[in-house]
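As stored in protein_10.txt (compact mmCIF, C-alpha atoms):
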# COMPACT_ATOMS: atom_id res chain seq x y z
CA MET A 1 111.64 117.16 82.54
CA LYS A 2 112.63 113.58 81.77
CA GLY A 3 116.10 112.11 82.25
CA PRO A 4 117.84 109.35 80.25
CA LEU A 5 116.61 105.77 80.55
CA PHE A 6 118.32 103.23 82.79
CA TYR A 7 117.65 99.54 82.28
CA SER A 8 116.94 96.55 84.48
CA LYS A 9 119.49 93.75 84.81
CA ILE A 10 119.64 90.01 85.22
CA LEU A 11 122.33 88.30 87.25
CA LEU A 12 122.59 85.11 85.21
CA PHE A 13 124.99 83.47 87.65
CA GLY A 14 126.46 84.38 91.01
CA GLU A 15 123.54 85.13 93.34
CA TYR A 16 124.77 84.68 96.93
CA GLY A 17 128.05 83.21 95.63
CA ILE A 18 129.49 86.63 94.82
CA ILE A 19 129.16 87.56 98.49
CA LYS A 20 131.77 84.83 99.01
CA ASP A 21 133.93 85.47 95.94
CA SER A 22 132.39 83.20 93.33
CA LYS A 23 132.31 84.35 89.74
CA GLY A 24 129.24 86.15 88.50
CA LEU A 25 127.77 87.32 85.22
CA SER A 26 125.27 90.13 85.02
CA ILE A 27 123.61 91.33 81.81
CA PRO A 28 121.41 94.37 81.06
CA TYR A 29 117.77 93.55 80.36
CA ASN A 30 116.27 96.26 78.18
CA PHE A 31 112.70 95.10 78.52
CA TYR A 32 112.28 97.24 81.67
CA ASN A 33 113.62 100.70 82.33
CA GLY A 34 113.24 103.83 84.41
CA ALA A 35 113.99 107.56 84.27
CA LEU A 36 113.88 110.57 86.61
CA LYS A 37 110.88 112.72 85.85
CA VAL A 38 108.77 115.67 87.00
CA ASP A 39 105.05 115.85 86.11
CA GLU A 40 102.46 118.57 86.43
CA ASN A 41 99.85 116.12 87.75
CA PRO A 42 101.68 113.29 89.53
CA THR A 43 100.01 109.92 90.04
CA GLU A 44 99.85 108.20 93.42
CA GLU A 45 102.91 106.10 92.49
CA ALA A 46 104.83 109.25 91.56
CA ILE A 47 103.98 110.86 94.92
CA GLU A 48 105.12 107.71 96.74
CA SER A 49 108.37 107.57 94.73
CA ASN A 50 108.98 111.26 95.46
CA ALA A 51 108.53 110.68 99.22
CA SER A 52 111.07 107.85 99.05
CA LEU A 53 113.49 110.12 97.14
CA LYS A 54 113.19 112.73 99.91
CA ARG A 55 114.44 110.16 102.42
CA TYR A 56 117.12 109.09 99.97
CA VAL A 57 118.50 112.64 99.59
CA ALA A 58 118.98 112.81 103.38
CA TYR A 59 120.89 109.50 103.20
CA LEU A 60 123.08 110.59 100.26
CA SER A 61 124.03 113.85 101.95
CA LYS A 62 125.73 111.81 104.70
CA LEU A 63 127.88 109.64 102.40
CA ASP A 64 131.67 109.99 102.56
CA LYS A 65 132.60 113.05 100.46
CA ASP A 66 135.99 111.50 99.65
CA LEU A 67 134.19 108.64 97.94
CA VAL A 68 131.56 110.61 96.02
CA THR A 69 130.20 114.17 96.01
CA PHE A 70 126.71 115.08 94.89
CA ASP A 71 125.22 118.39 93.94
CA ILE A 72 122.85 117.96 96.89
CA ASP A 73 121.32 121.46 96.53
CA THR A 74 120.14 120.83 92.96
CA LEU A 75 118.99 117.32 93.86
CA GLN A 76 117.06 118.67 96.86
CA LYS A 77 115.51 121.41 94.70
CA ASP A 78 114.39 118.87 92.05
CA VAL A 79 112.97 116.51 94.66
CA ASP A 80 111.12 119.41 96.33
CA ALA A 81 109.70 120.21 92.89
CA GLY A 82 108.18 116.70 92.80
CA MET A 83 110.83 114.67 90.95
CA TYR A 84 110.25 110.91 91.03
CA PHE A 85 111.57 107.76 89.37
CA ASP A 86 109.24 106.71 86.58
CA SER A 87 109.93 103.01 86.17
CA SER A 88 108.48 99.93 84.50
CA ILE A 89 110.94 97.73 86.46
CA PRO A 90 108.95 95.54 88.88
CA GLN A 91 110.07 95.99 92.49
CA GLY A 92 111.07 92.93 94.52
CA TYR A 93 111.50 90.83 91.36
CA GLY A 94 115.29 90.50 91.29
CA VAL A 95 115.78 92.58 88.14
CA GLY A 96 117.37 95.63 89.71
CA SER A 97 114.70 98.28 90.30
CA SER A 98 116.74 100.15 92.92
CA GLY A 99 119.90 99.69 90.81
CA ALA A 100 118.41 101.68 87.93
CA LEU A 101 117.36 104.48 90.29
CA VAL A 102 120.85 104.65 91.83
CA ALA A 103 122.41 104.81 88.34
CA ALA A 104 120.05 107.63 87.33
CA ILE A 105 120.85 109.70 90.44
CA TYR A 106 124.60 109.16 90.05
CA ASP A 107 124.46 110.10 86.39
CA LYS A 108 122.61 113.36 86.96
CA TYR A 109 123.85 114.68 90.31
CA THR A 110 127.44 113.55 90.83
CA SER A 111 129.96 116.37 90.61
CA ASN A 112 132.98 114.32 89.44
CA LYS A 113 131.40 111.27 87.86
CA ILE A 114 133.20 108.50 86.01
CA THR A 115 131.54 108.43 82.60
CA VAL A 116 130.73 105.50 80.36
CA LEU A 117 132.81 107.09 77.58
CA GLU A 118 136.07 106.92 79.52
CA ASN A 119 138.54 104.11 79.24
CA LEU A 120 137.00 101.93 81.95
CA THR A 121 140.02 100.52 83.75
CA ARG A 122 139.58 97.90 86.46
CA GLU A 123 140.29 100.63 89.06
CA LYS A 124 137.48 102.83 87.68
CA LEU A 125 135.04 99.93 87.60
CA LEU A 126 135.87 99.02 91.19
CA LYS A 127 135.53 102.64 92.29
CA LEU A 128 132.09 102.81 90.62
CA LYS A 129 131.09 99.52 92.22
CA THR A 130 132.15 100.82 95.67
CA ILE A 131 130.22 104.08 95.20
CA PHE A 132 127.14 102.21 93.99
CA SER A 133 127.38 99.74 96.85
CA GLU A 134 127.22 102.64 99.34
CA MET A 135 124.42 104.36 97.41
CA GLU A 136 122.28 101.22 97.09
CA SER A 137 122.71 100.10 100.71
CA PHE A 138 119.91 102.54 101.56
CA PHE A 139 117.47 100.13 99.88
CA HIS A 140 118.73 96.67 100.91
CA GLY A 141 120.93 97.07 103.95
CA LYS A 142 123.91 95.51 102.16
CA SER A 143 124.50 95.88 98.44
CA SER A 144 127.28 94.62 96.18
CA GLY A 145 126.80 97.65 93.91
CA LEU A 146 126.55 95.42 90.84
CA ASP A 147 122.97 96.20 89.84
CA PRO A 148 123.55 99.95 89.53
CA LEU A 149 126.88 99.29 87.79
CA ASN A 150 125.15 97.17 85.19
CA SER A 151 122.38 99.69 84.73
CA TYR A 152 124.78 102.63 84.51
CA LEU A 153 127.12 101.05 81.96
CA SER A 154 124.47 99.04 80.10
CA LEU A 155 127.11 96.38 79.49
CA PRO A 156 127.47 92.76 80.59
CA ILE A 157 129.68 92.62 83.70
CA LEU A 158 131.91 89.68 84.52
CA ILE A 159 132.74 89.30 88.20
CA ASN A 160 135.92 87.29 88.66
CA SER A 161 136.10 88.01 92.38
CA LYS A 162 135.21 90.84 94.77
CA ASP A 163 138.03 93.06 93.58
CA ASN A 164 138.29 91.89 90.01
CA ILE A 165 135.46 92.87 87.68
CA GLU A 166 135.40 93.71 84.00
CA ALA A 167 133.00 94.69 81.27
CA THR A 168 132.66 91.71 78.95
CA GLY A 169 131.07 90.57 75.71
CA ILE A 170 128.66 87.64 75.64
CA PRO A 171 128.07 85.27 72.70
CA SER A 172 125.49 86.74 70.33
CA GLN A 173 122.02 85.26 70.52
CA GLN A 174 120.87 82.55 68.15
CA THR A 175 117.37 83.62 67.19
CA GLU A 176 116.74 80.32 65.40
CA GLY A 177 117.90 78.17 68.32
CA ASN A 178 115.69 76.14 70.67
CA GLY A 179 117.74 76.81 73.80
CA ALA A 180 116.77 79.74 76.01
CA VAL A 181 117.19 81.54 79.29
CA PHE A 182 113.79 82.66 80.55
CA LEU A 183 112.15 84.43 83.46
CA LEU A 184 109.33 82.66 85.28
CA ASP A 185 106.98 84.95 87.19
CA SER A 186 106.39 83.58 90.70
CA GLY A 187 103.60 86.10 91.23
CA ILE A 188 105.03 86.96 94.66
CA VAL A 189 107.04 90.05 95.59
CA GLY A 190 110.37 89.10 97.17
CA GLU A 191 112.31 91.11 99.71
CA THR A 192 116.09 91.10 99.55
CA ALA A 193 117.02 91.95 103.15
CA PRO A 194 115.30 88.96 104.90
CA MET A 195 116.73 86.52 102.33
CA VAL A 196 120.25 87.86 102.79
CA SER A 197 119.91 87.52 106.59
CA ILE A 198 118.87 83.86 106.22
CA PHE A 199 121.95 83.32 104.06
CA MET A 200 124.25 85.09 106.55
CA GLU A 201 122.77 83.02 109.39
CA ASN A 202 123.39 79.79 107.40
CA MET A 203 126.98 80.89 106.79
CA LYS A 204 127.67 80.37 110.51
CA ASN A 205 127.19 76.65 109.89
CA GLU A 206 130.33 74.84 108.76
CA GLY A 207 128.44 72.32 106.61
CA PHE A 208 126.73 75.13 104.72
CA ARG A 209 130.04 76.92 104.20
CA SER A 210 131.72 73.88 102.70
CA MET A 211 128.68 73.15 100.48
CA LEU A 212 128.95 76.73 99.23
CA LYS A 213 132.63 76.37 98.40
CA ASP A 214 132.71 72.78 97.11
CA GLN A 215 129.41 72.70 95.20
CA PHE A 216 127.63 76.01 94.77
CA ILE A 217 130.65 78.14 93.84
CA LYS A 218 132.25 75.34 91.82
CA HIS A 219 129.17 74.99 89.57
CA THR A 220 128.54 78.74 89.42
CA ASP A 221 132.09 79.39 88.19
CA ALA A 222 131.78 76.59 85.64
CA CYS A 223 128.45 78.00 84.36
CA VAL A 224 129.98 81.45 83.87
CA ASP A 225 132.92 79.99 81.93
CA ASP A 226 130.65 77.77 79.80
CA PHE A 227 128.29 80.63 79.00
CA LEU A 228 131.07 83.00 77.94
CA LYS A 229 132.76 80.29 75.84
CA GLY A 230 129.44 79.31 74.28
CA ASP A 231 129.88 75.69 75.43
CA ILE A 232 126.16 74.92 75.64
CA LYS A 233 126.48 71.19 76.37
CA SER A 234 128.66 71.77 79.42
CA LEU A 235 126.56 74.79 80.46
CA PHE A 236 123.41 72.68 80.78
CA LYS A 237 125.26 69.96 82.66
CA ASN A 238 126.52 72.50 85.20
CA THR A 239 123.21 74.39 85.39
CA LYS A 240 121.47 71.12 86.27
CA GLN A 241 123.94 70.56 89.12
CA LEU A 242 123.51 74.15 90.28
CA SER A 243 119.72 73.79 90.23
CA LYS A 244 120.03 70.67 92.43
CA VAL A 245 122.38 72.36 94.92
CA VAL A 246 119.99 75.32 95.23
CA LEU A 247 116.95 73.08 95.74
CA ASN A 248 118.76 71.13 98.47
CA ASN A 249 120.37 74.04 100.29
CA PHE A 250 118.46 77.24 99.55
CA LYS A 251 114.88 76.08 100.16
CA PRO A 252 113.79 79.18 102.14
CA MET A 253 114.68 81.31 99.08
CA ILE A 254 112.39 79.26 96.81
CA PRO A 255 108.66 79.95 97.22
CA VAL A 256 107.09 76.74 98.58
CA GLN A 257 104.71 76.26 95.65
CA PHE A 258 107.72 76.03 93.30
CA HIS A 259 109.61 73.25 95.10
CA GLU A 260 107.87 70.48 93.13
CA LEU A 261 108.20 72.34 89.81
CA TRP A 262 111.90 72.84 90.48
CA LYS A 263 112.39 69.13 91.18
CA LYS A 264 110.39 68.16 88.11
CA GLY A 265 112.69 70.17 85.84
CA ILE A 266 115.73 68.33 87.18
CA GLU A 267 114.02 64.93 86.78
CA THR A 268 112.67 65.47 83.24
CA ASN A 269 115.52 67.68 81.92
CA ASP A 270 112.86 69.85 80.25
CA TYR A 271 114.17 72.93 82.10
CA TYR A 272 116.37 73.84 85.07
CA LEU A 273 115.42 76.57 87.52
CA LYS A 274 117.68 78.81 89.57
CA LEU A 275 117.36 81.90 91.73
CA CYS A 276 117.13 85.29 90.07
CA GLY A 277 118.54 87.74 92.59
CA SER A 278 117.98 86.91 96.26
CA GLY A 279 114.85 84.79 95.73
CA GLY A 280 111.89 84.63 98.10
CA GLY A 281 109.59 85.57 95.21
CA GLY A 282 109.89 87.77 92.15
CA TYR A 283 111.29 86.10 89.07
CA ILE A 284 112.84 82.66 88.94
CA LEU A 285 115.43 82.13 86.23
CA GLY A 286 115.05 79.15 83.91
CA PHE A 287 117.39 77.45 81.43
CA THR A 288 116.17 75.06 78.76
CA GLU A 289 117.57 73.29 75.73
CA ASN A 290 114.09 73.25 74.22
CA ILE A 291 111.88 76.25 74.86
CA ASP A 292 108.76 74.58 73.43
CA LYS A 293 109.10 71.68 75.87
CA ALA A 294 109.68 74.10 78.76
CA LYS A 295 106.63 76.18 77.80
CA LYS A 296 104.49 73.06 77.68
CA ALA A 297 105.77 71.81 81.05
CA LEU A 298 105.27 75.23 82.63
CA LYS A 299 102.08 76.17 80.81
CA ALA A 300 100.40 77.34 84.01
CA HIS A 301 103.03 80.08 84.33
CA LYS A 302 104.11 83.19 82.51
CA LEU A 303 107.51 82.85 80.82
CA GLU A 304 109.60 85.62 79.29
CA VAL A 305 112.57 84.62 77.11
CA VAL A 306 115.57 86.81 77.82
CA TYR A 307 118.30 85.08 75.80
CA SER A 308 118.27 82.47 73.03
CA PHE A 309 120.92 79.84 72.29
Mind turning the file's structure into structure tokens?
Amino acid sequence: MKGPLFYSKILLFGEYGIIKDSKGLSIPYNFYNGALKVDENPTEEAIESNASLKRYVAYLSKLDKDLVTFDIDTLQKDVDAGMYFDSSIPQGYGVGSSGALVAAIYDKYTSNKITVLENLTREKLLKLKTIFSEMESFFHGKSSGLDPLNSYLSLPILINSKDNIEATGIPSQQTEGNGAVFLLDSGIVGETAPMVSIFMENMKNEGFRSMLKDQFIKHTDACVDDFLKGDIKSLFKNTKQLSKVVLNNFKPMIPVQFHELWKKGIETNDYYLKLCGSGGGGYILGFTENIDKAKKALKAHKLEVVYSF
């Protein structure tokens, strides 16, 4: 048995901000994917994944039936038969490993699911996001539900505010262009929950709250608008500002050995770095107007281009 593939995602803009109603833009990233699977001779990873699914089934069976109903008996039977999530999506890297798993479970075991083929009204999207938020909270403590939504629909999602989201189109890539969005591998696994608690703790501080509103959210919203309009010049101006704000105010979320590299990008304009997901490790997202320059400046690190301008 092997189920359909669900892809990883990249939140281009909006990390942390969307908790406080900034805009956000999330795109599917087809380089990594996962599927539900049963094997005759499971590997150690498969056995571990299966054990985690057993705990997950117990969690899902307690979710509000008015919100979502699962065919728990079939799910339990499949998990008892050794089902696991076979995934190439790195965990703790900010590209949505648990989101893809949630999407796969919803797709296969929900009794009255909203399908991708329906006319996806704002109400339906919000309902899906709410369901996914509850389903994914098992993994992170508090989830926005966006990662599974992206993985399930395999479409770019524009977040206008908490209760206003829509599927959107993004400008098509310029394969000949020099500009790029890339992933930089920090080589460290990040954990979402501790990073989110640091953020929530900081939110108690008035100075941090006004920085979030007046700088972080302002530049995040501008970046989303620029990206969707294809206004590259303005996009890089705003990304540079965003990179600065993050370096100054989100230091605990940036692995220490990347502080200097982050600063160097802002000073030389060769590249600008920002958080990918909650930070603390995993991937760091980079933006550059000249990918060759960025590769040269970051030659000690592994870069993966995810979008070309």
**Q.** Atom-to-atom span, CA of Leu212 in chain A and CA of Glu267 in chain A, Å
**A.** 22.7 Å
**Q.** Contacts of range 7-20 of chain A at 6 Å (all atoms listed in the file; same-chain gap of 4+ positions) as number ranges by chain
**A.** A: 24-30, 32-33, 95-96, 151, 217, 277
Q.
Nearest residue to Glu45 in chain A out of A:Ala180, A:Met83, A:Met211, A:Ala58, using only C-alpha atoms?
A.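 Looking at the shortest contact to Glu45 in chain A, the residue is A:Met83.
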Q | Gap from CA of Ser88 in chain A to CA of Leu149 in chain A - Å, one decimal | A |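 Going from CA of Ser88 in chain A over to CA of Leu149 in chain A, I get 18.7 Å.
Checking A:Ile266, A:Val196, A:Leu53, A:Val224 one by one against Gly279 in chain A, counting only C-alpha atoms, you find the shortest gap at A:Val196.
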Q: Between CA of Glu304 in chain A and CA of Leu183 in chain A, measure the distance and give it in Å to one decimal.
A: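 These two atoms are separated by 5.0 Å.
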Q. Which residue, A:Lys65, A:Lys2, A:Lys54, A:His301, has the smallest gap to Gly34 in chain A when you use only C-alpha atoms?
A.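 Using only C-alpha atoms, the shortest distance to Gly34 in chain A belongs to A:Lys2.
For the set A:Ile188, A:Leu126, A:Leu75, A:Val116, the residue with the smallest atom-to-atom gap to Gln257 in chain A is A:Ile188, counting all atoms listed in the file.
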Q | 9 Å contact set for Ser144 in chain A, all atoms listed in the file, chain neighbours under 2 positions out, as an NGL selection string | A | :A and (18-19 or 129-130 or 132-134 or 136-137 or 142 or 146-147 or 162)
Q: Have a look at A:Asp185, A:Glu201, A:Asp214, A:Glu289 and name the one nearest to Leu303 in chain A; count all atoms listed in the file.
A: A:Asp185
